[in-house]
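Single-structure report; data block below.
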Protein chains: 2
Amino acid sequence: MTAMMDREAFEAALRQIGAERYHHLHPFQQMLQNGQLSREQVQAWALNRYYYQSQIPVKDSHILARLQTTELRREWRQRIIDHDGQEASEGQPAQRGGIEKWIALTDGVGLDRAYVESGAGILPGTRFAVDAYVHFVQEKTLLEAIASSLTELFSPNVIGTRVRGMLEHYDFISRETLAYFDKRPVQAKRDSDFALEYCLENARRPEEQEAVLNALRFKCHVLWAQLDALCFAYVAPGLTPADAWQPGTAEKENPRS
Amino acid sequence: MTAMMDREAFEAALRQIGAERYHHLHPFQQMLQNGQLSREQVQAWALNRYYYQSQIPVKDSHILARLQTTELRREWRQRIIDHDGQEASEGQPAQRGGIEKWIALTDGVGLDRAYVESGAGILPGTRFAVDAYVHFVQEKTLLEAIASSLTELFSPNVIGTRVRGMLEHYDFISRETLAYFDKRPVQAKRDSDFALEYCLENARRPEEQEAVLNALRFKCHVLWAQLDALCFAYVAPGLTPADAWQPGTAEKENPRS
């Protein structure tokens with residue numbers, strides 16, 4: 001049995017997982033931000049990641065349903081609002097949610113919106129990985145479900161690099177196309193500060209600390225496996241499964257609209 | 001809306017899915033049976049597929065729990081017996097189950113048994129695909145759950161080719177190592193005859209026929225994605241995720257025992 005870590009050691013162990021396993025290290029992510037992908041490969045990324053984005057509020061709703069206090073639910077529901085946005089109301093302008101902004105991204109790279117939203121052309125590997133995440137937060141302990149969100153600890157630093165790289169290298173990418181990422185660093189920091197504090201406080205036995213670490217490893221695999229699938233299908237060997245999106249298809253009728 | 005197919009057309013549509021999407025077409029499967037894999041790559045296959053084998057009776061137990069007649073349950077429980085085997089009893093010798101025979105296969109290729117059974121080194125892509133199958137039979141209609149087993153329609157023809165190819169090309173593979181496959185063609189034919197008849201009889205509307213076809217497509221993806229993950233991690237580019245089995249590790253202490 002491993003020994004209980006103190007707060008600092010436990011947080012350091014969590015951050016070490018990110019340093020070693022977060023998907024910023026994946027070759028597909030590197031190629032994306034270094035301008036080494038074709039427009040079609042960027043389309044494949046945008047299309048497949050839409051499915052991930054679309055399931056985030058589903059995942060968070062499952063967690064919300066397991067929280068037993070108003071205080072915790074108030075905190076967690078903000079994630080759902082961030083992803084689903086809200087309509088205008090007295091004196092408040094409408095706010096686009098993360099999913100709507102991701103659709104702006106798939107629009108921006110020239111994909112047909114109805115096709116993207118249908119999920120018809122996503123890779124099986126994308127669906128299996130994302131659905132594994134949605135099931136994880138239902139089937140594991142609440143502590144593990146919350147811990148699986150901790151990849152947000154690592155995203156703020158990476159988003160800036162990715163956005164700069166994509167704007168620099170791809171003439172078909174505009175700042176507006178990438179508007180999804182504008183607010184994510186602030187939101188992700190707020191969310192992960194909360195989730196980190198929750199895990200540091202609520203993992204009170206060595207095996208609970210280990211479960212938290214494993215939940216974060218699991219989530220890193222969820223992100224990593226999505227990029228594995230993209231690489232395999234659209235970079236090399238380029239073996240695209242039956243039904244999955246084929247480059248050159250599902251283009252917007254008027255790509256400049 | 002598509003029109004209702006008659007029995008012959010519906011069965012032909014199901015068999016067409018196998019002709020186009022069953023994993024006998026996957027490059028990894030071709031390499032396996034053509035002797036183009038290294039011993040380590042065959043080990044990776046055996047290790048990862050063990051997890052699939054281990055979850056088959058779990059999957060079938062979920063289906064069993066949804067069957068509402070003794071007749072159906074008697075039929076379906078045989079699958080669980082086949083995979084879990086049975087102990088000797090009065091006058092009856094013990095029967096090794098499919099899982100035990102798969103362990104003989106991983107033994108035969110020199111992998112440490114405890115490591116295999118732990119599932120510790122399997123690829124995330126394997127786990128996500130297999131778990132997607134287990135969730136599918138819980139969450140979809142019973143008709144779809146049963147239909148997802150119909151890949152067994154296609155396995156009897158393929159098993160012979162695979163076994164012959166592996167025995168011919170790999171000196172580290174013996175007939176005993178591949179004993180798992182000895183009974184599978186007969187079992188798979190019996191099981192898929194039943195499941196096919198069930199689907200032909202119980203898909204009574206066009207949308208139910210389409211759901212059955214989609215369930216079979218889904219299952220083909222479950223098998224295919226497992227080979228994608230193996231290819232990506234152990235053939236090319238050989239990008240093995242953190243925690244996954246690394247070639248040269250988890251060898252049996254005495255490979256000839």
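In the structure tokens, each chain is lettered A, B, ... as it comes, each chain's residues begin at 1, and ligands are numbered from 1 in order of appearance.
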Give the helix (DSSP H, G or I) residues of stretch 120-216 of chain B, as DSSP finds them on the backbone, and put them as number ranges by chain.
B: 124-139, 142-153, 155-169, 180-202, 206-216
Counting only C-alpha atoms, which residues of chain A sit at most 12 Å from some atom of chain B, and what is each one's closest atom pair with its distance in Å to one decimal, listed by chain and rising residue number, as CSV?
residue,atom,partner,partner_atom,distance
A:Ile17,CA,B:Ala242,CA,10.0
A:Gly18,CA,B:Ala242,CA,11.6
A:Ala19,CA,B:Ala242,CA,11.9
A:Glu20,CA,B:Ala242,CA,8.2
A:Arg21,CA,B:Ala242,CA,6.9
A:Tyr22,CA,B:Ala242,CA,10.4
A:His23,CA,B:Pro241,CA,10.7
A:Leu25,CA,B:Pro241,CA,11.0
A:His26,CA,B:Leu239,CA,9.3
A:Pro27,CA,B:Leu239,CA,9.2
A:Phe28,CA,B:Leu239,CA,11.4
A:Ala120,CA,B:Asn214,CA,11.8
A:Ile122,CA,B:His221,CA,11.8
A:Leu123,CA,B:Ala225,CA,9.1
A:Pro124,CA,B:His221,CA,6.2
A:Gly125,CA,B:Ala225,CA,6.2
A:Thr126,CA,B:Phe128,CA,9.6
A:Arg127,CA,B:Ala132,CA,8.8
A:Phe128,CA,B:Phe128,CA,5.2
A:Ala129,CA,B:Phe128,CA,5.5
A:Val130,CA,B:Phe128,CA,8.7
A:Asp131,CA,B:Ala132,CA,7.4
A:Ala132,CA,B:Phe128,CA,5.9
A:Tyr133,CA,B:Phe128,CA,9.2
A:Val134,CA,B:Ala132,CA,11.0
A:His135,CA,B:His135,CA,8.4
A:Phe136,CA,B:Asp131,CA,10.5
A:Gln138,CA,B:His135,CA,12.0
A:Glu139,CA,B:His135,CA,11.3
A:Asn214,CA,B:Asp243,CA,10.9
A:Arg217,CA,B:Ala242,CA,9.0
A:Phe218,CA,B:Pro124,CA,8.3
A:Lys219,CA,B:Pro124,CA,10.3
A:Cys220,CA,B:Ala242,CA,9.7
A:His221,CA,B:Pro124,CA,6.2
A:Val222,CA,B:Pro124,CA,7.6
A:Leu223,CA,B:Pro124,CA,10.3
A:Trp224,CA,B:Pro241,CA,8.0
A:Ala225,CA,B:Gly125,CA,6.2
A:Gln226,CA,B:Gly125,CA,8.9
A:Leu227,CA,B:Gly125,CA,11.0
A:Asp228,CA,B:Phe232,CA,7.2
A:Ala229,CA,B:Ala229,CA,7.7
A:Leu230,CA,B:Phe232,CA,10.7
A:Cys231,CA,B:Phe232,CA,8.6
A:Phe232,CA,B:Phe232,CA,6.5
A:Ala233,CA,B:Asp228,CA,8.8
A:Val235,CA,B:Pro237,CA,10.6
A:Ala236,CA,B:Pro237,CA,8.0
A:Pro237,CA,B:Ala236,CA,8.0
A:Gly238,CA,B:Asp228,CA,10.8
A:Leu239,CA,B:Asp228,CA,8.5
A:Thr240,CA,B:Asp228,CA,9.8
A:Pro241,CA,B:His221,CA,7.9
A:Ala242,CA,B:Arg21,CA,7.0
A:Asp243,CA,B:Arg217,CA,9.2
A:Ala244,CA,B:His221,CA,10.5
Could you please determine the separation between atom CA of A:Leu47 and atom CA of A:Ile99 in Å, to one decimal place?
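Taking atom CA of A:Leu47 as the start and atom CA of A:Ile99 as the end point, the length is 12.1 Å.
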Can you move chain B onto chain A by a least-squares fit over all C-alpha atoms paired in order, then give me the moved copy as a JSON list (two decimals) with C-alpha atoms, in the first residue's frame?
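In the end it all went to selection.json:
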[["chain", "number", "residue", "atom", "x", "y", "z"],
["B", 1, "MET", "CA", -0.01, 0.02, -0.05],
["B", 2, "THR", "CA", 1.29, 3.45, -0.83],
["B", 3, "ALA", "CA", 1.47, 6.05, 1.93],
["B", 4, "MET", "CA", -0.76, 9.09, 2.22],
["B", 5, "MET", "CA", 0.72, 12.09, 0.45],
["B", 6, "ASP", "CA", 0.55, 15.52, 2.00],
["B", 7, "ARG", "CA", -1.33, 18.21, 0.13],
["B", 8, "GLU", "CA", 1.70, 19.56, -1.72],
["B", 9, "ALA", "CA", 2.96, 16.15, -2.79],
["B", 10, "PHE", "CA", -0.50, 15.11, -3.94],
["B", 11, "GLU", "CA", -0.95, 18.25, -6.03],
["B", 12, "ALA", "CA", 2.53, 17.78, -7.48],
["B", 13, "ALA", "CA", 1.66, 14.19, -8.41],
["B", 14, "LEU", "CA", -1.45, 15.43, -10.22],
["B", 15, "ARG", "CA", 0.50, 18.08, -12.10],
["B", 16, "GLN", "CA", 3.14, 15.51, -13.03],
["B", 17, "ILE", "CA", 0.49, 13.46, -14.81],
["B", 18, "GLY", "CA", -0.26, 16.46, -16.98],
["B", 19, "ALA", "CA", 3.39, 17.07, -17.72],
["B", 20, "GLU", "CA", 3.74, 13.48, -18.94],
["B", 21, "ARG", "CA", 0.39, 12.61, -20.46],
["B", 22, "TYR", "CA", -1.67, 15.62, -21.44],
["B", 23, "HIS", "CA", -2.47, 15.70, -25.14],
["B", 24, "HIS", "CA", -0.31, 18.74, -25.83],
["B", 25, "LEU", "CA", 2.45, 16.12, -26.21],
["B", 26, "HIS", "CA", 0.60, 14.18, -28.91],
["B", 27, "PRO", "CA", 2.14, 14.38, -32.41],
["B", 28, "PHE", "CA", -1.22, 15.34, -33.92],
["B", 29, "GLN", "CA", -1.51, 18.30, -31.57],
["B", 30, "GLN", "CA", 2.06, 19.31, -32.38],
["B", 31, "MET", "CA", 1.35, 19.08, -36.10],
["B", 32, "LEU", "CA", -1.84, 21.10, -35.65],
["B", 33, "GLN", "CA", -0.13, 24.01, -33.97],
["B", 34, "ASN", "CA", 3.00, 23.86, -36.13],
["B", 35, "GLY", "CA", 1.05, 24.21, -39.35],
["B", 36, "GLN", "CA", 1.88, 20.71, -40.57],
["B", 37, "LEU", "CA", -1.69, 19.62, -41.23],
["B", 38, "SER", "CA", -3.68, 20.05, -44.42],
["B", 39, "ARG", "CA", -7.00, 21.86, -44.38],
["B", 40, "GLU", "CA", -8.72, 18.47, -44.58],
["B", 41, "GLN", "CA", -6.83, 17.21, -41.54],
["B", 42, "VAL", "CA", -7.82, 20.31, -39.59],
["B", 43, "GLN", "CA", -11.41, 19.69, -40.70],
["B", 44, "ALA", "CA", -11.17, 16.13, -39.38],
["B", 45, "TRP", "CA", -9.96, 17.46, -36.04],
["B", 46, "ALA", "CA", -12.73, 20.06, -35.82],
["B", 47, "LEU", "CA", -15.41, 17.56, -36.82],
["B", 48, "ASN", "CA", -14.37, 14.90, -34.35],
["B", 49, "ARG", "CA", -13.76, 17.25, -31.48],
["B", 50, "TYR", "CA", -17.25, 18.64, -31.96],
["B", 51, "TYR", "CA", -18.55, 15.35, -30.62],
["B", 52, "TYR", "CA", -16.36, 15.72, -27.54],
["B", 53, "GLN", "CA", -17.62, 19.29, -27.03],
["B", 54, "SER", "CA", -21.23, 18.21, -27.48],
["B", 55, "GLN", "CA", -20.94, 15.64, -24.71],
["B", 56, "ILE", "CA", -19.30, 17.90, -22.10],
["B", 57, "PRO", "CA", -22.60, 19.28, -20.75],
["B", 58, "VAL", "CA", -24.01, 15.75, -20.76],
["B", 59, "LYS", "CA", -21.04, 14.64, -18.70],
["B", 60, "ASP", "CA", -21.41, 17.62, -16.38],
["B", 61, "SER", "CA", -25.15, 17.01, -15.98],
["B", 62, "HIS", "CA", -24.42, 13.51, -14.75],
["B", 63, "ILE", "CA", -22.04, 14.95, -12.17],
["B", 64, "LEU", "CA", -24.55, 17.66, -11.26],
["B", 65, "ALA", "CA", -27.13, 14.96, -10.56],
["B", 66, "ARG", "CA", -24.76, 13.36, -8.06],
["B", 67, "LEU", "CA", -23.99, 16.51, -6.07],
["B", 68, "GLN", "CA", -25.97, 16.69, -2.86],
["B", 69, "THR", "CA", -25.71, 20.34, -1.84],
["B", 70, "THR", "CA", -26.91, 23.59, -3.34],
["B", 71, "GLU", "CA", -23.43, 25.02, -2.94],
["B", 72, "LEU", "CA", -21.78, 22.30, -5.00],
["B", 73, "ARG", "CA", -24.50, 22.30, -7.64],
["B", 74, "ARG", "CA", -24.31, 26.10, -8.04],
["B", 75, "GLU", "CA", -20.61, 25.74, -8.67],
["B", 76, "TRP", "CA", -20.91, 22.88, -11.12],
["B", 77, "ARG", "CA", -23.89, 24.20, -13.12],
["B", 78, "GLN", "CA", -21.73, 27.06, -14.36],
["B", 79, "ARG", "CA", -19.90, 24.57, -16.54],
["B", 80, "ILE", "CA", -23.15, 23.64, -18.25],
["B", 81, "ILE", "CA", -24.05, 27.31, -18.76],
["B", 82, "ASP", "CA", -20.62, 27.94, -20.25],
["B", 83, "HIS", "CA", -21.08, 25.17, -22.80],
["B", 84, "ASP", "CA", -24.75, 25.68, -23.61],
["B", 85, "GLY", "CA", -24.77, 29.51, -23.43],
["B", 86, "GLN", "CA", -27.86, 31.52, -22.65],
["B", 87, "GLU", "CA", -30.51, 33.57, -24.41],
["B", 88, "ALA", "CA", -30.77, 37.30, -23.95],
["B", 89, "SER", "CA", -32.93, 38.44, -21.06],
["B", 90, "GLU", "CA", -33.78, 41.79, -19.38],
["B", 91, "GLY", "CA", -30.71, 43.90, -19.76],
["B", 92, "GLN", "CA", -28.48, 40.90, -20.40],
["B", 93, "PRO", "CA", -27.20, 40.15, -23.88],
["B", 94, "ALA", "CA", -27.26, 36.58, -25.18],
["B", 95, "GLN", "CA", -24.12, 34.57, -24.51],
["B", 96, "ARG", "CA", -22.87, 32.05, -27.00],
["B", 97, "GLY", "CA", -21.96, 28.78, -25.38],
["B", 98, "GLY", "CA", -18.93, 26.62, -26.08],
["B", 99, "ILE", "CA", -20.84, 24.26, -28.34],
["B", 100, "GLU", "CA", -22.15, 27.12, -30.46],
["B", 101, "LYS", "CA", -18.63, 28.52, -30.68],
["B", 102, "TRP", "CA", -17.32, 25.15, -31.76],
["B", 103, "ILE", "CA", -19.89, 25.16, -34.55],
["B", 104, "ALA", "CA", -18.47, 28.53, -35.55],
["B", 105, "LEU", "CA", -15.12, 26.75, -35.73],
["B", 106, "THR", "CA", -16.42, 23.94, -37.94],
["B", 107, "ASP", "CA", -18.21, 26.60, -40.04],
["B", 108, "GLY", "CA", -14.94, 28.49, -40.25],
["B", 109, "VAL", "CA", -13.06, 25.51, -41.63],
["B", 110, "GLY", "CA", -15.83, 24.97, -44.16],
["B", 111, "LEU", "CA", -17.79, 22.00, -42.86],
["B", 112, "ASP", "CA", -21.51, 21.58, -43.33],
["B", 113, "ARG", "CA", -23.22, 22.38, -40.05],
["B", 114, "ALA", "CA", -25.97, 19.77, -40.19],
["B", 115, "TYR", "CA", -23.40, 17.09, -40.96],
["B", 116, "VAL", "CA", -21.23, 18.14, -38.03],
["B", 117, "GLU", "CA", -24.16, 18.20, -35.62],
["B", 118, "SER", "CA", -25.39, 14.79, -36.76],
["B", 119, "GLY", "CA", -22.18, 13.15, -35.60],
["B", 120, "ALA", "CA", -22.54, 10.82, -38.57],
["B", 121, "GLY", "CA", -18.97, 11.08, -39.78],
["B", 122, "ILE", "CA", -17.01, 10.93, -36.55],
["B", 123, "LEU", "CA", -14.49, 8.16, -36.04],
["B", 124, "PRO", "CA", -15.53, 5.16, -33.94],
["B", 125, "GLY", "CA", -12.45, 5.82, -31.83],
["B", 126, "THR", "CA", -13.75, 9.31, -31.06],
["B", 127, "ARG", "CA", -17.17, 8.03, -30.07],
["B", 128, "PHE", "CA", -15.79, 5.23, -27.91],
["B", 129, "ALA", "CA", -13.39, 7.54, -26.05],
["B", 130, "VAL", "CA", -15.93, 10.31, -25.46],
["B", 131, "ASP", "CA", -18.65, 7.89, -24.41],
["B", 132, "ALA", "CA", -16.18, 6.25, -22.03],
["B", 133, "TYR", "CA", -15.84, 9.62, -20.33],
["B", 134, "VAL", "CA", -19.61, 10.04, -19.99],
["B", 135, "HIS", "CA", -19.91, 6.54, -18.54],
["B", 136, "PHE", "CA", -16.96, 7.09, -16.22],
["B", 137, "VAL", "CA", -18.64, 9.97, -14.38],
["B", 138, "GLN", "CA", -21.75, 7.86, -13.88],
["B", 139, "GLU", "CA", -20.10, 4.66, -12.75],
["B", 140, "LYS", "CA", -17.12, 5.74, -10.65],
["B", 141, "THR", "CA", -17.20, 7.49, -7.29],
["B", 142, "LEU", "CA", -18.11, 11.17, -7.23],
["B", 143, "LEU", "CA", -14.54, 11.94, -6.22],
["B", 144, "GLU", "CA", -13.23, 10.17, -9.32],
["B", 145, "ALA", "CA", -15.87, 11.81, -11.50],
["B", 146, "ILE", "CA", -14.75, 15.26, -10.33],
["B", 147, "ALA", "CA", -11.09, 14.31, -10.60],
["B", 148, "SER", "CA", -11.55, 13.34, -14.23],
["B", 149, "SER", "CA", -12.16, 17.02, -15.01],
["B", 150, "LEU", "CA", -8.69, 17.98, -13.80],
["B", 151, "THR", "CA", -7.16, 17.99, -17.26],
["B", 152, "GLU", "CA", -8.38, 21.59, -17.20],
["B", 153, "LEU", "CA", -5.42, 22.29, -14.95],
["B", 154, "PHE", "CA", -3.23, 21.89, -18.01],
["B", 155, "SER", "CA", -5.29, 23.53, -20.76],
["B", 156, "PRO", "CA", -4.78, 27.28, -20.07],
["B", 157, "ASN", "CA", -1.09, 27.16, -20.92],
["B", 158, "VAL", "CA", -1.63, 25.09, -24.03],
["B", 159, "ILE", "CA", -4.51, 27.02, -25.57],
["B", 160, "GLY", "CA", -2.41, 30.14, -26.21],
["B", 161, "THR", "CA", 0.24, 28.17, -28.05],
["B", 162, "ARG", "CA", -2.34, 26.36, -30.12],
["B", 163, "VAL", "CA", -4.27, 29.48, -31.10],
["B", 164, "ARG", "CA", -1.12, 31.44, -31.99],
["B", 165, "GLY", "CA", 0.23, 28.54, -34.05],
["B", 166, "MET", "CA", -3.00, 27.98, -35.94],
["B", 167, "LEU", "CA", -3.45, 31.70, -36.72],
["B", 168, "GLU", "CA", 0.13, 31.95, -37.93],
["B", 169, "HIS", "CA", 0.18, 28.86, -40.12],
["B", 170, "TYR", "CA", -3.27, 28.41, -41.65],
["B", 171, "ASP", "CA", -4.72, 31.05, -43.96],
["B", 172, "PHE", "CA", -8.16, 29.42, -43.65],
["B", 173, "ILE", "CA", -8.23, 30.06, -39.88],
["B", 174, "SER", "CA", -9.29, 33.43, -38.47],
["B", 175, "ARG", "CA", -9.45, 34.71, -34.92],
["B", 176, "GLU", "CA", -13.24, 34.56, -35.10],
["B", 177, "THR", "CA", -13.04, 30.88, -36.10],
["B", 178, "LEU", "CA", -11.11, 30.20, -32.91],
["B", 179, "ALA", "CA", -13.35, 32.31, -30.64],
["B", 180, "TYR", "CA", -14.14, 29.16, -28.67],
["B", 181, "PHE", "CA", -10.73, 29.39, -27.06],
["B", 182, "ASP", "CA", -11.02, 33.07, -26.00],
["B", 183, "LYS", "CA", -12.77, 32.42, -22.71],
["B", 184, "ARG", "CA", -11.61, 28.89, -22.07],
["B", 185, "PRO", "CA", -8.41, 29.73, -20.15],
["B", 186, "VAL", "CA", -10.32, 31.82, -17.58],
["B", 187, "GLN", "CA", -13.17, 29.31, -17.34],
["B", 188, "ALA", "CA", -10.81, 26.36, -17.14],
["B", 189, "LYS", "CA", -8.76, 27.98, -14.40],
["B", 190, "ARG", "CA", -11.87, 28.75, -12.34],
["B", 191, "ASP", "CA", -13.24, 25.24, -12.85],
["B", 192, "SER", "CA", -10.01, 23.43, -12.20],
["B", 193, "ASP", "CA", -9.22, 25.53, -9.11],
["B", 194, "PHE", "CA", -12.50, 24.32, -7.65],
["B", 195, "ALA", "CA", -12.09, 20.68, -8.71],
["B", 196, "LEU", "CA", -8.50, 20.58, -7.49],
["B", 197, "GLU", "CA", -9.48, 21.94, -4.09],
["B", 198, "TYR", "CA", -12.32, 19.41, -3.92],
["B", 199, "CYS", "CA", -9.95, 16.53, -4.64],
["B", 200, "LEU", "CA", -7.24, 17.74, -2.28],
["B", 201, "GLU", "CA", -9.83, 18.00, 0.50],
["B", 202, "ASN", "CA", -11.85, 14.85, -0.17],
["B", 203, "ALA", "CA", -9.18, 12.28, -0.93],
["B", 204, "ARG", "CA", -8.57, 11.35, 2.68],
["B", 205, "ARG", "CA", -7.05, 7.90, 2.32],
["B", 206, "PRO", "CA", -4.10, 6.71, 0.23],
["B", 207, "GLU", "CA", -6.38, 4.62, -1.96],
["B", 208, "GLU", "CA", -8.59, 7.64, -2.59],
["B", 209, "GLN", "CA", -5.56, 9.66, -3.64],
["B", 210, "GLU", "CA", -4.59, 6.83, -5.98],
["B", 211, "ALA", "CA", -8.13, 6.74, -7.38],
["B", 212, "VAL", "CA", -7.92, 10.49, -8.08],
["B", 213, "LEU", "CA", -4.60, 10.06, -9.85],
["B", 214, "ASN", "CA", -6.01, 7.20, -11.89],
["B", 215, "ALA", "CA", -9.09, 9.24, -12.82],
["B", 216, "LEU", "CA", -6.82, 11.94, -14.20],
["B", 217, "ARG", "CA", -4.74, 9.35, -16.07],
["B", 218, "PHE", "CA", -7.96, 7.94, -17.51],
["B", 219, "LYS", "CA", -9.02, 11.37, -18.70],
["B", 220, "CYS", "CA", -5.64, 11.98, -20.32],
["B", 221, "HIS", "CA", -6.17, 8.71, -22.19],
["B", 222, "VAL", "CA", -9.61, 9.91, -23.33],
["B", 223, "LEU", "CA", -8.03, 12.98, -24.93],
["B", 224, "TRP", "CA", -4.99, 11.12, -26.24],
["B", 225, "ALA", "CA", -6.96, 8.29, -27.84],
["B", 226, "GLN", "CA", -9.00, 10.80, -29.82],
["B", 227, "LEU", "CA", -5.81, 12.11, -31.40],
["B", 228, "ASP", "CA", -4.52, 8.58, -32.00],
["B", 229, "ALA", "CA", -7.69, 7.88, -33.97],
["B", 230, "LEU", "CA", -7.35, 11.11, -35.98],
["B", 231, "CYS", "CA", -3.71, 10.34, -36.78],
["B", 232, "PHE", "CA", -4.44, 6.79, -37.84],
["B", 233, "ALA", "CA", -7.40, 7.71, -40.04],
["B", 234, "TYR", "CA", -6.26, 11.01, -41.55],
["B", 235, "VAL", "CA", -2.46, 11.29, -41.30],
["B", 236, "ALA", "CA", -0.83, 7.88, -41.55],
["B", 237, "PRO", "CA", -1.63, 5.25, -42.68],
["B", 238, "GLY", "CA", -4.81, 7.17, -43.51],
["B", 239, "LEU", "CA", -7.02, 4.14, -42.97],
["B", 240, "THR", "CA", -10.45, 5.73, -42.63],
["B", 241, "PRO", "CA", -13.13, 3.38, -41.31],
["B", 242, "ALA", "CA", -16.38, 2.82, -43.19],
["B", 243, "ASP", "CA", -18.91, 5.62, -42.53],
["B", 244, "ALA", "CA", -16.31, 8.06, -41.23],
["B", 245, "TRP", "CA", -15.93, 11.44, -42.88],
["B", 246, "GLN", "CA", -13.88, 11.42, -46.06],
["B", 247, "PRO", "CA", -11.78, 14.47, -46.98],
["B", 248, "GLY", "CA", -13.46, 16.61, -49.60],
["B", 249, "THR", "CA", -16.97, 15.75, -48.43],
["B", 250, "ALA", "CA", -19.49, 17.59, -46.25],
["B", 251, "GLU", "CA", -18.21, 20.99, -47.38],
["B", 252, "LYS", "CA", -20.35, 24.03, -46.74],
["B", 253, "GLU", "CA", -22.18, 25.10, -49.87],
["B", 254, "ASN", "CA", -20.72, 28.57, -49.65],
["B", 255, "PRO", "CA", -17.44, 28.33, -47.75],
["B", 256, "ARG", "CA", -17.19, 32.12, -47.35],
["B", 257, "SER", "CA", -20.58, 32.54, -45.71]]
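Backbone DSSP over stretch 75-107 of chain A yields strand (DSSP E or B) at A:Gln86, A:Ser89, A:Gln92, A:Gln95.
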Written file, previous selection with C-alpha atoms, as a compact mmCIF listing (two decimals), in the first residue's frame:
# COMPACT_ATOMS: atom_id res chain seq x y z
CA GLN A 86 -27.87 31.51 -22.65
CA SER A 89 -32.97 38.46 -21.10
CA GLN A 92 -28.48 40.91 -20.44
CA GLN A 95 -24.12 34.57 -24.50
